[in-house]
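Q: Below you will find the structure I want to go over with you.
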Protein chains: 2
Amino acid sequence: MSAEAKVLQDLDHHYLFAALNDAQRGGLLAHTHLRSFKAGQLLFSRNDPAQAFFLLQRGEVKLYRVSAEGQEKIMRLVRPGMSFAESVMFMDEPRYPVHAQGVRAGALLAIESAAYLKILQASFDTCRTVMAQMTRRIQAHWDEIEALTLQNSRYRIVHYLLGLVPDGATGAVEVTLPSRKSLIAAQLAVTPETLSRTLHALSEDDLIGVHDYAISIPDVGALRRRISL
Amino acid sequence: MSAEAKVLQDLDHHYLFAALNDAQRGGLLAHTHLRSFKAGQLLFSRNDPAQAFFLLQRGEVKLYRVSAEGQEKIMRLVRPGMSFAESVMFMDEPRYPVHAQGVRAGALLAIESAAYLKILQASFDTCRTVMAQMTRRIQAHWDEIEALTLQNSRYRIVHYLLGLVPDGATGAVEVTLPSRKSLIAAQLAVTPETLSRTLHALSEDDLIGVHDYAISIPDVGALRRRISL
DNA sequence: CATTCACCTTGACCGATATCAAGGGCGACC
DNA sequence: GGTCGCCCTTGATATCGGTCAAGGTGAATG
């Protein structure tokens with residue numbers, strides 16, 4: 001398969017492009033650039049002018065903010081197949097609202113916002129899909145704000161683990177932490193120490209078993225119930 | 001002015017309808033209902049099926065979630081001229097993601113989502129405006145998540161006060177708290193006690209003066225600088 | 001005019017989580 | 001294969017903000 005065909009296939013599977021026809025997708029190719037990056041490489045900084053959005057092919061990217069004291073909060077960990085910074089293109093003077101840095105080396109597609117916007121104009125279906133996706137994001141943010149204000153760190157951690165369990169799974173499940181624990185901690189707004197201690201406490205209660213990055217959950221239902229205590 | 005003309009005028013000023021033509025706005029009238037509510041009245045509950053979104057005319061509405069222990073986090077305080085629940089209409093099976101309750105008696109317009117969506121199809125301009133607005137909301141959420149995780153309660157309170165200052169104002173400013181202090185506290189994810197103590201501490205430092213709901217800021221610049229400490 | 005009630009304030013105390021510090025394990029690289 | 005450095009863990013301590021409790025004030029109500 002040619003490189004171009006591969007790119008087209010990647011686009012095809014993503015909600016931002018699924019409702020486009022072949023001509024539209026093809027037209028975007030000229031405005032799409034493949035870019036590879038290394039672990040630790042800064043992809044863009046907060047407040048940089050935003051002319052493009054991204055589709056991650058391989059590797060891992062973190063979107064984050066930094067406090068005045070240097071403390072870091074990860075707003076989102078991006079894994080292959082996910083897009084990011086696509087919503088800023090609708091602003092009048094688009095600037096990235098977060099920093100983006102490679103966590104594991106990989107490659108991404110950069111799609112020029114202007115070209116995409118032009119195509120969007122001709123596809124109300126895609127507009128609707130984009131708006132539905134943005135709504136989902138908004139609701140996810142509300143969930144996160146709720147978790148940060150109404151729930152404690154144990155809740156957030158258990159909730160995160162349950163999010164790794166495949167839909168509909170019951171009984172005993174084995175999940176794998178998708179990132180370094182310190183990154184997961186920064187996502188959940190706890191310190192690595194607290195994450196470590198909480199996982200330890202959960203395994204003391206026989207709710208989970210911890211072996212490095214493999215977490216075994218003997219009874220998903222029991223963990224789900226425990227979330228409320 | 002007739003009631004209908006009044007409603008049309010309200011719609012006209014709002015971003016959701018600004019780019020529509022007269023025929024489109026007129027068509028919505030048949031699908032728009034005026035509803036008044038009392039203080040304390042529940043407008044909808046979380047998870048209720050959502051067939052309409054709202055434009056507040058008078059009074060005040062809080063959008064909030066409640067923890068298992070009954071603790072309340074206000075996600076947004078809605079004031080006249082603001083819309084709410086407009087983004088849920090893009091979901092496939094729309095349900096309100098928060099509770100809505102009247103805080104001060106008033107009235108609102110309920111606009112049927114289906115009718116609006118149909119009109120949206122014919123106005124890419126409005127689509128873009130809606131998406132831009134949703135992007136602004138998303139970024140506001142990121143700001144809030146950052147404030148909740150990277151900043152302490154004093155920061156959030158000072159930031160809130162600065163948000164009340166008119167754009168571009170410098171020197172001495174007088175602002176008025178737009179709601180009961182307990183509601184503001186619930187918005188900032190602090191207890192009323194903490195809000196009270198923090199305001200007191202700020203006035204001890206002569207950064208603000210507190211007289212019930214009137215807050216005087218002798219030097220906005222000084223307060224802005226203080227936010228980082 | 002007295003009473004009540006909601007809201008705010010103030011004080012004393014407590015607890016969850018951060019911070020600081022030290023040690024261990026494991027992979028990368030010479 | 002040794003050493004270095006990163007990440008995770010564990011323990012001791014600190015602190016921010018919450019909880020509980022007790023007034024105080026002002027507006028609404030009878």
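Chain labels follow the order of the structure tokens: the first chain is A, the next B, and so on; residue numbering restarts at 1 in every chain, and ligands are counted from 1 in their shown order.
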Should the cut-off be 12 Å, what would the residue list for chain A against chain C look like, counting only C-alpha atoms (C1' of nucleotides), as a compact mmCIF listing (two decimals) with C-alpha atoms, in the first residue's frame?

A:
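Saved to selection32.txt:
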# COMPACT_ATOMS: atom_id res chain seq x y z
CA GLN A 71 3.41 21.42 38.60
CA GLN A 151 -15.05 12.84 44.76
CA ASN A 152 -11.80 11.93 46.46
CA SER A 153 -8.62 10.56 44.98
CA ARG A 154 -9.55 6.94 45.62
CA ALA A 189 -4.58 15.10 39.61
CA VAL A 190 -2.87 13.15 42.34
CA THR A 191 0.80 12.72 43.14
CA PRO A 192 2.60 9.52 42.13
CA GLU A 193 2.92 8.77 45.84
CA THR A 194 -0.83 8.87 46.35
CA LEU A 195 -1.45 6.68 43.31
CA ARG A 197 -0.45 4.14 48.07
CA THR A 198 -4.00 3.85 46.78
CA ASP A 212 3.86 -3.56 37.63

Q: Using only C-alpha atoms, what does the table of chain A residues within 6 Å of chain B look like, with each row giving the shortest atom pair and its distance in Å to one decimal, sorted by chain and ascending number, as CSV?

A:
residue,atom,partner,partner_atom,distance
A:Ser67,CA,B:Leu150,CA,5.7
A:Ser87,CA,B:Thr135,CA,5.8
A:Phe90,CA,B:Ala132,CA,4.8
A:Met91,CA,B:Ala132,CA,5.3
A:Ala132,CA,B:Phe90,CA,4.8
A:Thr135,CA,B:Ser87,CA,5.8
A:Leu150,CA,B:Ser67,CA,5.7

Q: Just list as a list in words whatever in stretch 152-190 of chain B DSSP marks as helix (DSSP H, G or I).

A: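 Of stretch 152-190 of chain B, the ones in helix (DSSP H, G or I) are Ser153, Arg154, Tyr155, Arg156, Ile157, Val158, His159, Tyr160, Leu161, Leu162, Gly163, Leu164, Lys181, Ser182, Leu183, Ile184, Ala185, Ala186, Gln187 and Leu188 of chain B.
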
Q: Please save C-alpha atoms of the selected residues as a PDB file, in the first residue's frame.

A:
ATOM      1  CA  SER B 153      -8.833  28.130  46.739  1.00  0.00           C
ATOM      2  CA  ARG B 154      -7.468  31.635  47.155  1.00  0.00           C
ATOM      3  CA  TYR B 155      -6.439  31.687  43.500  1.00  0.00           C
ATOM      4  CA  ARG B 156      -9.880  30.582  42.386  1.00  0.00           C
ATOM      5  CA  ILE B 157     -11.587  33.205  44.491  1.00  0.00           C
ATOM      6  CA  VAL B 158      -9.311  36.037  43.363  1.00  0.00           C
ATOM      7  CA  HIS B 159      -9.669  34.856  39.777  1.00  0.00           C
ATOM      8  CA  TYR B 160     -13.411  34.925  40.152  1.00  0.00           C
ATOM      9  CA  LEU B 161     -13.361  38.459  41.503  1.00  0.00           C
ATOM     10  CA  LEU B 162     -11.144  39.578  38.640  1.00  0.00           C
ATOM     11  CA  GLY B 163     -13.623  38.008  36.255  1.00  0.00           C
ATOM     12  CA  LEU B 164     -16.241  40.428  37.554  1.00  0.00           C
ATOM     13  CA  LYS B 181     -22.153  33.849  48.538  1.00  0.00           C
ATOM     14  CA  SER B 182     -23.026  30.238  49.185  1.00  0.00           C
ATOM     15  CA  LEU B 183     -23.806  29.788  45.482  1.00  0.00           C
ATOM     16  CA  ILE B 184     -20.564  31.407  44.459  1.00  0.00           C
ATOM     17  CA  ALA B 185     -18.753  29.124  46.871  1.00  0.00           C
ATOM     18  CA  ALA B 186     -20.418  26.064  45.344  1.00  0.00           C
ATOM     19  CA  GLN B 187     -19.311  27.286  41.938  1.00  0.00           C
ATOM     20  CA  LEU B 188     -15.718  27.697  43.041  1.00  0.00           C
TER      21      LEU B 188
END

Q: Report as a PyMOL selection string the set of chain D residues whose atoms approach chain A to within 10 Å, with distances computed over only C-alpha atoms (C1' of nucleotides).

A: chain D and resi 7-10

Q: Export, as an mmCIF file, in the first residue's frame, the selected residues with N, CA and C atoms (P, O5', C5', C4', C3', O3' and C1' of nucleotides).

A:
data_model
loop_
_atom_site.group_PDB
_atom_site.id
_atom_site.type_symbol
_atom_site.label_atom_id
_atom_site.label_comp_id
_atom_site.auth_asym_id
_atom_site.auth_seq_id
_atom_site.Cartn_x
_atom_site.Cartn_y
_atom_site.Cartn_z
ATOM 1 P P DC D 7 11.163 8.816 34.068
ATOM 2 O "O5'" DC D 7 10.381 7.826 35.034
ATOM 3 C "C5'" DC D 7 10.326 6.458 34.671
ATOM 4 C "C4'" DC D 7 10.024 5.621 35.872
ATOM 5 C "C3'" DC D 7 8.813 6.077 36.690
ATOM 6 O "O3'" DC D 7 7.810 5.090 36.537
ATOM 7 C "C1'" DC D 7 10.638 5.424 38.076
ATOM 8 P P DC D 8 6.360 5.314 37.114
ATOM 9 O "O5'" DC D 8 6.407 4.508 38.489
ATOM 10 C "C5'" DC D 8 6.817 3.156 38.470
ATOM 11 C "C4'" DC D 8 7.146 2.729 39.870
ATOM 12 C "C3'" DC D 8 6.050 2.996 40.911
ATOM 13 O "O3'" DC D 8 5.552 1.742 41.347
ATOM 14 C "C1'" DC D 8 8.209 3.579 41.730
ATOM 15 P P DT D 9 4.368 1.698 42.399
ATOM 16 O "O5'" DT D 9 5.155 1.714 43.776
ATOM 17 C "C5'" DT D 9 6.020 0.631 44.082
ATOM 18 C "C4'" DT D 9 6.723 0.896 45.391
ATOM 19 C "C3'" DT D 9 5.815 1.066 46.609
ATOM 20 O "O3'" DT D 9 6.149 0.048 47.530
ATOM 21 C "C1'" DT D 9 7.515 2.726 46.550
ATOM 22 P P DT D 10 5.125 -0.392 48.661
ATOM 23 O "O5'" DT D 10 5.670 0.399 49.925
ATOM 24 C "C5'" DT D 10 7.048 0.277 50.273
ATOM 25 C "C4'" DT D 10 7.425 1.336 51.276
ATOM 26 C "C3'" DT D 10 6.363 1.666 52.329
ATOM 27 O "O3'" DT D 10 6.893 1.315 53.597
ATOM 28 C "C1'" DT D 10 7.395 3.630 51.469
#

Q: Write out as a ChimeraX atom specification the set of residues from stretch 55-176 of chain A that DSSP, computed on the backbone, places in strand (DSSP E).

A: /A:55-66,72-78,83-84,99-112,173-176

Q: Take the selection from the previous step and output its residues with N, CA and C atoms, as a short mmCIF file (atom, residue, chain, number, x, y, z; two decimals), in the first residue's frame.

A:
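Result file follows (out.cif):
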data_model
loop_
_atom_site.label_atom_id
_atom_site.label_comp_id
_atom_site.auth_asym_id
_atom_site.auth_seq_id
_atom_site.Cartn_x
_atom_site.Cartn_y
_atom_site.Cartn_z
N LEU A 55 -3.74 14.10 13.99
CA LEU A 55 -4.26 12.74 14.11
C LEU A 55 -3.06 11.87 14.43
N LEU A 56 -3.09 11.25 15.61
CA LEU A 56 -1.93 10.48 16.03
C LEU A 56 -1.93 9.10 15.38
N GLN A 57 -0.81 8.77 14.78
CA GLN A 57 -0.69 7.44 14.14
C GLN A 57 -0.02 6.45 15.08
N ARG A 58 1.14 6.83 15.57
CA ARG A 58 1.87 5.95 16.47
C ARG A 58 2.46 6.76 17.62
N GLY A 59 2.79 6.07 18.69
CA GLY A 59 3.39 6.75 19.83
C GLY A 59 2.35 7.28 20.79
N GLU A 60 2.76 8.20 21.63
CA GLU A 60 1.86 8.73 22.65
C GLU A 60 2.19 10.20 22.88
N VAL A 61 1.14 10.99 23.05
CA VAL A 61 1.30 12.44 23.22
C VAL A 61 0.53 12.87 24.45
N LYS A 62 1.11 13.79 25.21
CA LYS A 62 0.36 14.34 26.34
C LYS A 62 0.02 15.79 26.08
N LEU A 63 -1.22 16.14 26.41
CA LEU A 63 -1.67 17.53 26.37
C LEU A 63 -1.74 17.99 27.82
N TYR A 64 -1.07 19.10 28.14
CA TYR A 64 -0.95 19.42 29.55
C TYR A 64 -0.82 20.91 29.77
N ARG A 65 -1.03 21.30 31.01
CA ARG A 65 -0.78 22.66 31.45
C ARG A 65 0.18 22.61 32.62
N VAL A 66 0.82 23.72 32.85
CA VAL A 66 1.82 23.81 33.92
C VAL A 66 1.48 24.99 34.81
N GLU A 72 2.46 19.95 36.95
CA GLU A 72 1.91 19.62 35.63
C GLU A 72 0.59 18.88 35.78
N LYS A 73 -0.42 19.30 35.03
CA LYS A 73 -1.69 18.57 34.97
C LYS A 73 -1.90 18.12 33.54
N ILE A 74 -2.02 16.83 33.34
CA ILE A 74 -2.25 16.30 32.01
C ILE A 74 -3.73 16.38 31.70
N MET A 75 -4.08 17.12 30.68
CA MET A 75 -5.49 17.27 30.32
C MET A 75 -5.95 16.05 29.52
N ARG A 76 -5.05 15.50 28.73
CA ARG A 76 -5.44 14.32 27.96
C ARG A 76 -4.20 13.57 27.51
N LEU A 77 -4.26 12.26 27.55
CA LEU A 77 -3.21 11.44 26.97
C LEU A 77 -3.74 10.94 25.63
N VAL A 78 -3.04 11.23 24.58
CA VAL A 78 -3.50 10.88 23.24
C VAL A 78 -2.83 9.59 22.79
N SER A 83 -7.57 12.08 17.58
CA SER A 83 -7.21 13.40 17.07
C SER A 83 -7.06 14.35 18.26
N PHE A 84 -6.35 15.43 18.03
CA PHE A 84 -6.32 16.46 19.07
C PHE A 84 -6.17 17.85 18.46
N HIS A 99 -0.10 22.74 26.18
CA HIS A 99 1.15 22.26 25.59
C HIS A 99 0.95 20.83 25.10
N ALA A 100 1.68 20.46 24.05
CA ALA A 100 1.65 19.07 23.59
C ALA A 100 3.08 18.56 23.47
N GLN A 101 3.32 17.42 24.05
CA GLN A 101 4.66 16.86 24.06
C GLN A 101 4.59 15.36 23.80
N GLY A 102 5.53 14.86 23.01
CA GLY A 102 5.62 13.43 22.80
C GLY A 102 6.02 12.73 24.08
N VAL A 103 5.38 11.60 24.34
CA VAL A 103 5.72 10.82 25.53
C VAL A 103 6.48 9.58 25.08
N ARG A 104 5.95 8.92 24.07
CA ARG A 104 6.65 7.83 23.39
C ARG A 104 6.80 8.26 21.93
N ALA A 105 7.94 8.03 21.36
CA ALA A 105 8.19 8.44 19.97
C ALA A 105 7.09 7.89 19.06
N GLY A 106 6.81 8.62 17.98
CA GLY A 106 5.76 8.17 17.08
C GLY A 106 5.64 9.10 15.90
N ALA A 107 4.47 9.10 15.28
CA ALA A 107 4.24 9.94 14.12
C ALA A 107 2.80 10.41 14.13
N LEU A 108 2.58 11.57 13.52
CA LEU A 108 1.22 12.10 13.47
C LEU A 108 0.97 12.77 12.13
N LEU A 109 -0.29 12.89 11.80
CA LEU A 109 -0.70 13.66 10.63
C LEU A 109 -1.10 15.04 11.09
N ALA A 110 -0.56 16.06 10.40
CA ALA A 110 -0.99 17.43 10.67
C ALA A 110 -1.90 17.85 9.53
N ILE A 111 -3.11 18.23 9.86
CA ILE A 111 -4.08 18.59 8.83
C ILE A 111 -4.36 20.09 8.94
N GLU A 112 -4.22 20.80 7.83
CA GLU A 112 -4.40 22.25 7.88
C GLU A 112 -5.87 22.58 8.14
N VAL A 173 -11.09 -9.74 35.54
CA VAL A 173 -10.55 -9.06 34.36
C VAL A 173 -9.11 -8.69 34.64
N GLU A 174 -8.34 -8.68 33.58
CA GLU A 174 -6.96 -8.22 33.69
C GLU A 174 -6.80 -7.00 32.80
N VAL A 175 -6.35 -5.90 33.35
CA VAL A 175 -6.13 -4.70 32.53
C VAL A 175 -4.67 -4.29 32.63
N THR A 176 -4.25 -3.52 31.64
CA THR A 176 -2.87 -3.05 31.61
C THR A 176 -2.86 -1.53 31.64
#

Q: State, in Å with one decimal place, the distance from atom CA of A:Lys118 to atom CA of A:Gly27.

A: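 Distance reported for this atom pair: 10.5 Å.
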
Q: What's the separation between atom CA of B:Ile208 and atom CA of B:Leu223, in Å to one decimal place?

A: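 Taking atom CA of B:Ile208 as the start and atom CA of B:Leu223 as the end point, the length is 8.2 Å.
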
Q: Report the distance between atom CA of A:Leu29 and atom CA of A:Ala52 in Å, rounded to one decimal place.

A: 13.3 Å

Q: For B:Asp219, work out the shell of residues within 10 Å, counting only C-alpha atoms (C1' of nucleotides) and skipping chain neighbours fewer than 3 positions away, then give it as a ChimeraX atom specification.

A: /B:169-173,206-208,216,222-224
